>>> print(open('entry_21.cif').read())   # mmCIF, C-alpha atoms
data_model
#
loop_
_atom_site.label_atom_id
_atom_site.label_comp_id
_atom_site.auth_asym_id
_atom_site.auth_seq_id
_atom_site.Cartn_x
_atom_site.Cartn_y
_atom_site.Cartn_z
CA ASP A 1 -31.10 -15.18 31.76
CA ALA A 2 -32.21 -18.41 30.11
CA GLY A 3 -34.05 -19.63 33.17
CA VAL A 4 -33.69 -23.09 34.64
CA ILE A 5 -32.48 -25.52 32.00
CA GLN A 6 -33.28 -29.21 32.09
CA SER A 7 -32.17 -32.00 29.84
CA PRO A 8 -33.31 -34.15 28.27
CA ARG A 9 -36.86 -32.90 27.75
CA HIS A 10 -38.10 -36.38 27.02
CA GLU A 11 -36.60 -39.74 27.93
CA VAL A 12 -37.93 -43.15 27.04
CA THR A 13 -36.08 -46.09 28.46
CA GLU A 14 -36.56 -49.70 29.33
CA MET A 15 -36.97 -51.08 32.79
CA GLY A 16 -33.64 -51.72 34.46
CA GLN A 17 -31.75 -49.03 32.60
CA GLU A 18 -29.99 -46.15 34.28
CA VAL A 19 -31.50 -42.71 33.76
CA THR A 20 -29.74 -39.41 34.40
CA LEU A 21 -31.61 -36.14 34.44
CA ARG A 22 -29.75 -32.87 34.37
CA CYS A 23 -30.44 -29.37 35.61
CA LYS A 24 -28.75 -26.01 35.35
CA PRO A 25 -30.21 -23.52 37.83
CA ILE A 26 -30.48 -19.80 37.29
CA SER A 27 -27.14 -18.14 37.82
CA GLY A 28 -26.85 -16.74 41.33
CA HIS A 29 -29.52 -18.95 42.81
CA ASN A 30 -28.20 -21.06 45.66
CA SER A 31 -31.15 -23.33 46.40
CA LEU A 32 -32.06 -26.13 44.02
CA PHE A 33 -35.06 -28.43 44.18
CA TRP A 34 -36.01 -31.64 42.40
CA TYR A 35 -39.73 -32.45 42.11
CA ARG A 36 -41.67 -35.27 40.54
CA GLN A 37 -45.18 -34.82 39.15
CA THR A 38 -47.67 -37.58 38.44
CA MET A 39 -51.42 -37.61 38.05
CA MET A 40 -51.81 -39.86 41.06
CA ARG A 41 -49.50 -38.13 43.52
CA GLY A 42 -49.32 -34.59 42.22
CA LEU A 43 -46.13 -32.58 42.69
CA GLU A 44 -43.74 -34.14 45.20
CA LEU A 45 -40.46 -32.76 46.48
CA LEU A 46 -37.69 -35.31 46.10
CA ILE A 47 -34.64 -33.46 47.39
CA TYR A 48 -33.28 -29.97 47.77
CA PHE A 49 -29.85 -28.41 48.04
CA ASN A 50 -28.63 -25.21 49.64
CA ASN A 51 -25.22 -24.01 48.47
CA ASN A 52 -24.67 -27.37 46.74
CA VAL A 53 -25.27 -29.31 49.97
CA PRO A 54 -28.24 -31.72 50.18
CA ILE A 55 -30.51 -30.50 52.96
CA ASP A 56 -33.53 -32.77 52.79
CA ASP A 57 -33.73 -35.96 50.77
CA SER A 58 -36.65 -37.45 52.67
CA GLY A 59 -38.73 -37.33 49.50
CA MET A 60 -36.42 -39.59 47.54
CA PRO A 61 -38.54 -42.70 47.05
CA GLU A 62 -35.86 -45.32 47.51
CA ASP A 63 -32.19 -46.10 47.13
CA ARG A 64 -32.56 -46.36 43.38
CA PHE A 65 -32.73 -42.57 43.33
CA SER A 66 -29.70 -40.38 43.91
CA ALA A 67 -28.96 -36.71 43.33
CA LYS A 68 -25.80 -34.69 43.20
CA MET A 69 -24.84 -31.07 42.91
CA PRO A 70 -21.10 -30.92 42.21
CA ASN A 71 -21.14 -27.14 41.72
CA ALA A 72 -23.49 -24.18 41.80
CA SER A 73 -24.45 -24.48 38.15
CA PHE A 74 -25.22 -28.17 37.74
CA SER A 75 -27.22 -30.94 39.35
CA THR A 76 -28.16 -34.47 38.37
CA LEU A 77 -30.89 -36.85 39.41
CA LYS A 78 -30.11 -40.48 38.71
CA ILE A 79 -32.38 -43.49 38.77
CA GLN A 80 -30.69 -46.87 38.71
CA PRO A 81 -32.29 -49.25 37.92
CA SER A 82 -35.37 -47.57 36.53
CA GLU A 83 -38.84 -49.08 36.90
CA PRO A 84 -42.13 -48.36 35.10
CA ARG A 85 -43.54 -46.70 38.23
CA ASP A 86 -40.81 -44.06 37.92
CA SER A 87 -42.57 -42.70 34.85
CA ALA A 88 -43.39 -39.08 35.59
CA VAL A 89 -42.40 -35.52 34.80
CA TYR A 90 -39.37 -34.46 36.80
CA PHE A 91 -38.92 -30.76 37.48
CA CYS A 92 -35.93 -28.86 38.71
CA ALA A 93 -36.43 -25.48 40.36
CA SER A 94 -34.08 -22.91 41.83
CA SER A 95 -34.34 -19.92 44.12
CA PHE A 96 -32.32 -17.57 46.25
CA LEU A 97 -31.43 -18.98 49.64
CA VAL A 98 -32.17 -15.73 51.42
CA GLY A 99 -35.41 -13.83 51.18
CA TYR A 100 -38.76 -14.90 49.87
CA ASN A 101 -38.71 -18.37 48.48
CA GLU A 102 -40.08 -17.77 45.01
CA GLN A 103 -39.05 -20.77 42.98
CA PHE A 104 -38.28 -20.78 39.28
CA PHE A 105 -39.08 -24.01 37.50
CA GLY A 106 -37.49 -25.61 34.51
CA PRO A 107 -39.59 -27.08 31.69
CA GLY A 108 -39.34 -30.58 33.11
CA THR A 109 -38.17 -33.94 31.83
CA ARG A 110 -40.90 -36.37 30.84
CA LEU A 111 -39.62 -39.83 31.72
CA THR A 112 -41.26 -42.97 30.39
CA VAL A 113 -39.97 -46.31 31.60
CA LEU A 114 -41.27 -49.22 29.56
CA SER B 1 -53.70 -35.30 53.51
CA GLN B 2 -51.34 -32.87 51.82
CA GLN B 3 -50.43 -29.47 53.12
CA GLY B 4 -52.12 -27.17 50.64
CA GLU B 5 -55.30 -28.57 49.19
CA GLU B 6 -57.09 -26.62 46.49
CA ASP B 7 -60.72 -26.61 45.62
CA PRO B 8 -62.41 -26.96 43.34
CA GLN B 9 -60.34 -29.57 41.55
CA ALA B 10 -61.67 -28.31 38.24
CA LEU B 11 -63.40 -25.12 37.19
CA SER B 12 -64.87 -24.16 33.83
CA ILE B 13 -65.99 -20.60 33.14
CA GLN B 14 -66.67 -18.26 30.25
CA GLU B 15 -64.23 -15.61 29.14
CA GLY B 16 -64.81 -12.41 31.06
CA GLU B 17 -66.08 -14.13 34.20
CA ASN B 18 -64.17 -14.22 37.45
CA ALA B 19 -62.52 -17.40 38.70
CA THR B 20 -62.02 -18.14 42.38
CA MET B 21 -59.85 -20.94 43.69
CA ASN B 22 -59.35 -21.86 47.30
CA CYS B 23 -56.48 -23.43 49.19
CA SER B 24 -56.38 -24.87 52.69
CA TYR B 25 -53.28 -25.84 54.60
CA LYS B 26 -52.49 -27.45 57.93
CA THR B 27 -49.37 -26.03 59.56
CA SER B 28 -48.07 -22.57 60.37
CA ILE B 29 -46.49 -20.81 57.42
CA ASN B 30 -44.09 -18.03 56.58
CA ASN B 31 -45.80 -17.29 53.31
CA LEU B 32 -48.13 -18.79 50.76
CA GLN B 33 -47.55 -18.71 47.03
CA TRP B 34 -49.65 -19.36 43.97
CA TYR B 35 -48.25 -20.90 40.81
CA ARG B 36 -49.66 -21.53 37.37
CA GLN B 37 -48.86 -24.48 35.15
CA ASN B 38 -49.76 -24.53 31.51
CA SER B 39 -50.15 -27.96 29.96
CA GLY B 40 -46.78 -29.58 29.37
CA ARG B 41 -44.86 -26.77 31.02
CA GLY B 42 -43.17 -26.01 34.31
CA LEU B 43 -44.78 -24.01 37.08
CA VAL B 44 -44.65 -20.24 36.98
CA HIS B 45 -44.78 -18.14 40.11
CA LEU B 46 -47.76 -15.77 40.22
CA ILE B 47 -47.90 -14.12 43.59
CA LEU B 48 -46.65 -14.49 47.15
CA ILE B 49 -48.49 -13.38 50.27
CA ARG B 50 -46.75 -13.23 53.60
CA SER B 51 -48.29 -14.63 56.76
CA ASN B 52 -48.82 -11.13 58.16
CA GLU B 53 -50.68 -9.94 55.06
CA ARG B 54 -54.38 -10.41 54.46
CA GLU B 55 -54.76 -9.40 50.84
CA LYS B 56 -52.54 -8.76 47.87
CA HIS B 57 -53.16 -7.66 44.29
CA SER B 58 -51.19 -8.13 41.12
CA GLY B 59 -52.86 -7.08 37.90
CA ARG B 60 -56.00 -9.19 37.52
CA LEU B 61 -54.99 -11.40 40.45
CA ARG B 62 -56.22 -10.96 43.99
CA VAL B 63 -55.04 -13.22 46.78
CA THR B 64 -56.40 -13.36 50.29
CA LEU B 65 -54.98 -15.15 53.29
CA ASP B 66 -56.74 -16.08 56.49
CA THR B 67 -54.21 -17.59 58.86
CA SER B 68 -56.84 -18.25 61.52
CA LYS B 69 -58.64 -20.53 59.09
CA LYS B 70 -55.45 -21.67 57.38
CA SER B 71 -56.89 -20.83 54.01
CA SER B 72 -56.20 -18.68 50.98
CA SER B 73 -58.08 -17.78 47.85
CA LEU B 74 -56.96 -16.73 44.40
CA LEU B 75 -59.29 -14.59 42.35
CA ILE B 76 -58.69 -14.02 38.66
CA THR B 77 -60.87 -11.21 37.37
CA ALA B 78 -62.07 -10.78 33.79
CA SER B 79 -60.67 -14.15 32.80
CA ARG B 80 -59.23 -14.80 29.36
CA ALA B 81 -58.80 -17.99 27.36
CA ALA B 82 -55.07 -17.65 28.00
CA ASP B 83 -55.72 -18.12 31.73
CA THR B 84 -56.57 -21.76 31.05
CA ALA B 85 -54.09 -23.68 33.18
CA SER B 86 -53.69 -25.50 36.48
CA TYR B 87 -53.20 -23.36 39.55
CA PHE B 88 -51.35 -24.53 42.64
CA CYS B 89 -50.90 -23.08 46.06
CA ALA B 90 -47.63 -23.74 47.85
CA THR B 91 -46.64 -23.23 51.44
CA ASP B 92 -43.44 -23.26 53.38
CA GLY B 93 -43.51 -24.00 57.07
CA ASP B 94 -42.22 -21.55 59.61
CA THR B 95 -39.32 -23.84 60.52
CA GLY B 96 -36.85 -22.24 58.12
CA ARG B 97 -37.09 -25.16 55.75
CA ARG B 98 -36.92 -23.76 52.23
CA ALA B 99 -38.86 -26.51 50.53
CA LEU B 100 -42.40 -25.80 49.39
CA THR B 101 -45.33 -28.14 49.72
CA PHE B 102 -47.69 -27.95 46.79
CA GLY B 103 -51.37 -28.70 46.73
CA SER B 104 -53.05 -30.88 44.17
CA GLY B 105 -54.10 -27.94 42.02
CA THR B 106 -57.21 -26.53 40.39
CA ARG B 107 -57.63 -27.05 36.65
CA LEU B 108 -59.15 -23.91 35.20
CA GLN B 109 -60.74 -23.93 31.76
CA VAL B 110 -61.76 -20.58 30.32
CA GLN B 111 -64.08 -20.95 27.37
CA PRO B 112 -63.70 -18.27 24.67
#
>>> encode(input="entry_21.cif", output="structure tokens")
Amino acid sequence: DAGVIQSPRHEVTEMGQEVTLRCKPISGHNSLFWYRQTMMRGLELLIYFNNNVPIDDSGMPEDRFSAKMPNASFSTLKIQPSEPRDSAVYFCASSFLVGYNEQFFGPGTRLTVL
Amino acid sequence: SQQGEEDPQALSIQEGENATMNCSYKTSINNLQWYRQNSGRGLVHLILIRSNEREKHSGRLRVTLDTSKKSSSLLITASRAADTASYFCATDGDTGRRALTFGSGTRLQVQP
């Protein structure tokens, strides 16, 4: 298995632009998590899905952020419009819904908003 | 403060020495996990200890859990330069919520 796949690996954009981050979880995993990591705030959970359904989006910072999971093998995190304070590394992780909640992380997307 | 706080924040040791990192948390848990993050990479799961376990071993890793003190420790024995990384503890509450709460991490530097 290729593990969790994220794209792009790096994104540089200008303030006000729309940014879309993509994630392909490990096949068979039915929980998917989006995290954001910054030096100031550490690793924060943004949203997670079970069986493609959003369960908890209380970590989404504001309405500019949205996430979707149209099927079991794909999820997106969208920021519109982007702001410089959104600059961070965004990680996607997946796990099995049942059993111990060991999470498998993707390599992350490093987002820079100028 | 966050559920899952590690200390020390940074640790520098010589190759061959043991490294101990501590984690404290606030709420009841189902299990506690430790992850490693190499610079510029995603987190990698190291070990999971259930709330009814007190100690667990995996290779050079030893994890302890004290639920009465809401604390855990990760011991890496005979450290190697390749162990240089940040180490995070993560907890999930006993409410059935699958999301993990990560601590702020310990940055470990192993000098060759």
>>> atom_distance(input="entry_21.cif", atom1="atom CA of B:Thr27", atom2="atom CA of A:Leu46")
20.1 Å
>>> resolve_selection(input="entry_21.cif", expression="the PyMOL selection byres ((chain A) within 12 of (chain B))", output="PyMOL selection string")
chain A and resi 3-6+9-10+30-50+54-59+88-110
>>> atom_distance(input="entry_21.cif", atom1="atom CA of A:Asp63", atom2="atom CA of A:Pro25")
24.5 Å
>>> atom_distance(input="entry_21.cif", atom1="atom CA of A:Ser73", atom2="atom CA of A:Asn52")
9.1 Å
>>> resolve_selection(input="entry_21.cif", expression="the PyMOL selection byres ((chain B and resi 53) around 10)", output="list of chain:residue names")
B:Asn31, B:Leu48, B:Ile49, B:Arg50, B:Ser51, B:Asn52, B:Arg54, B:Glu55, B:Lys56, B:Val63, B:Thr64, B:Leu65, B:Asp66, B:Thr67
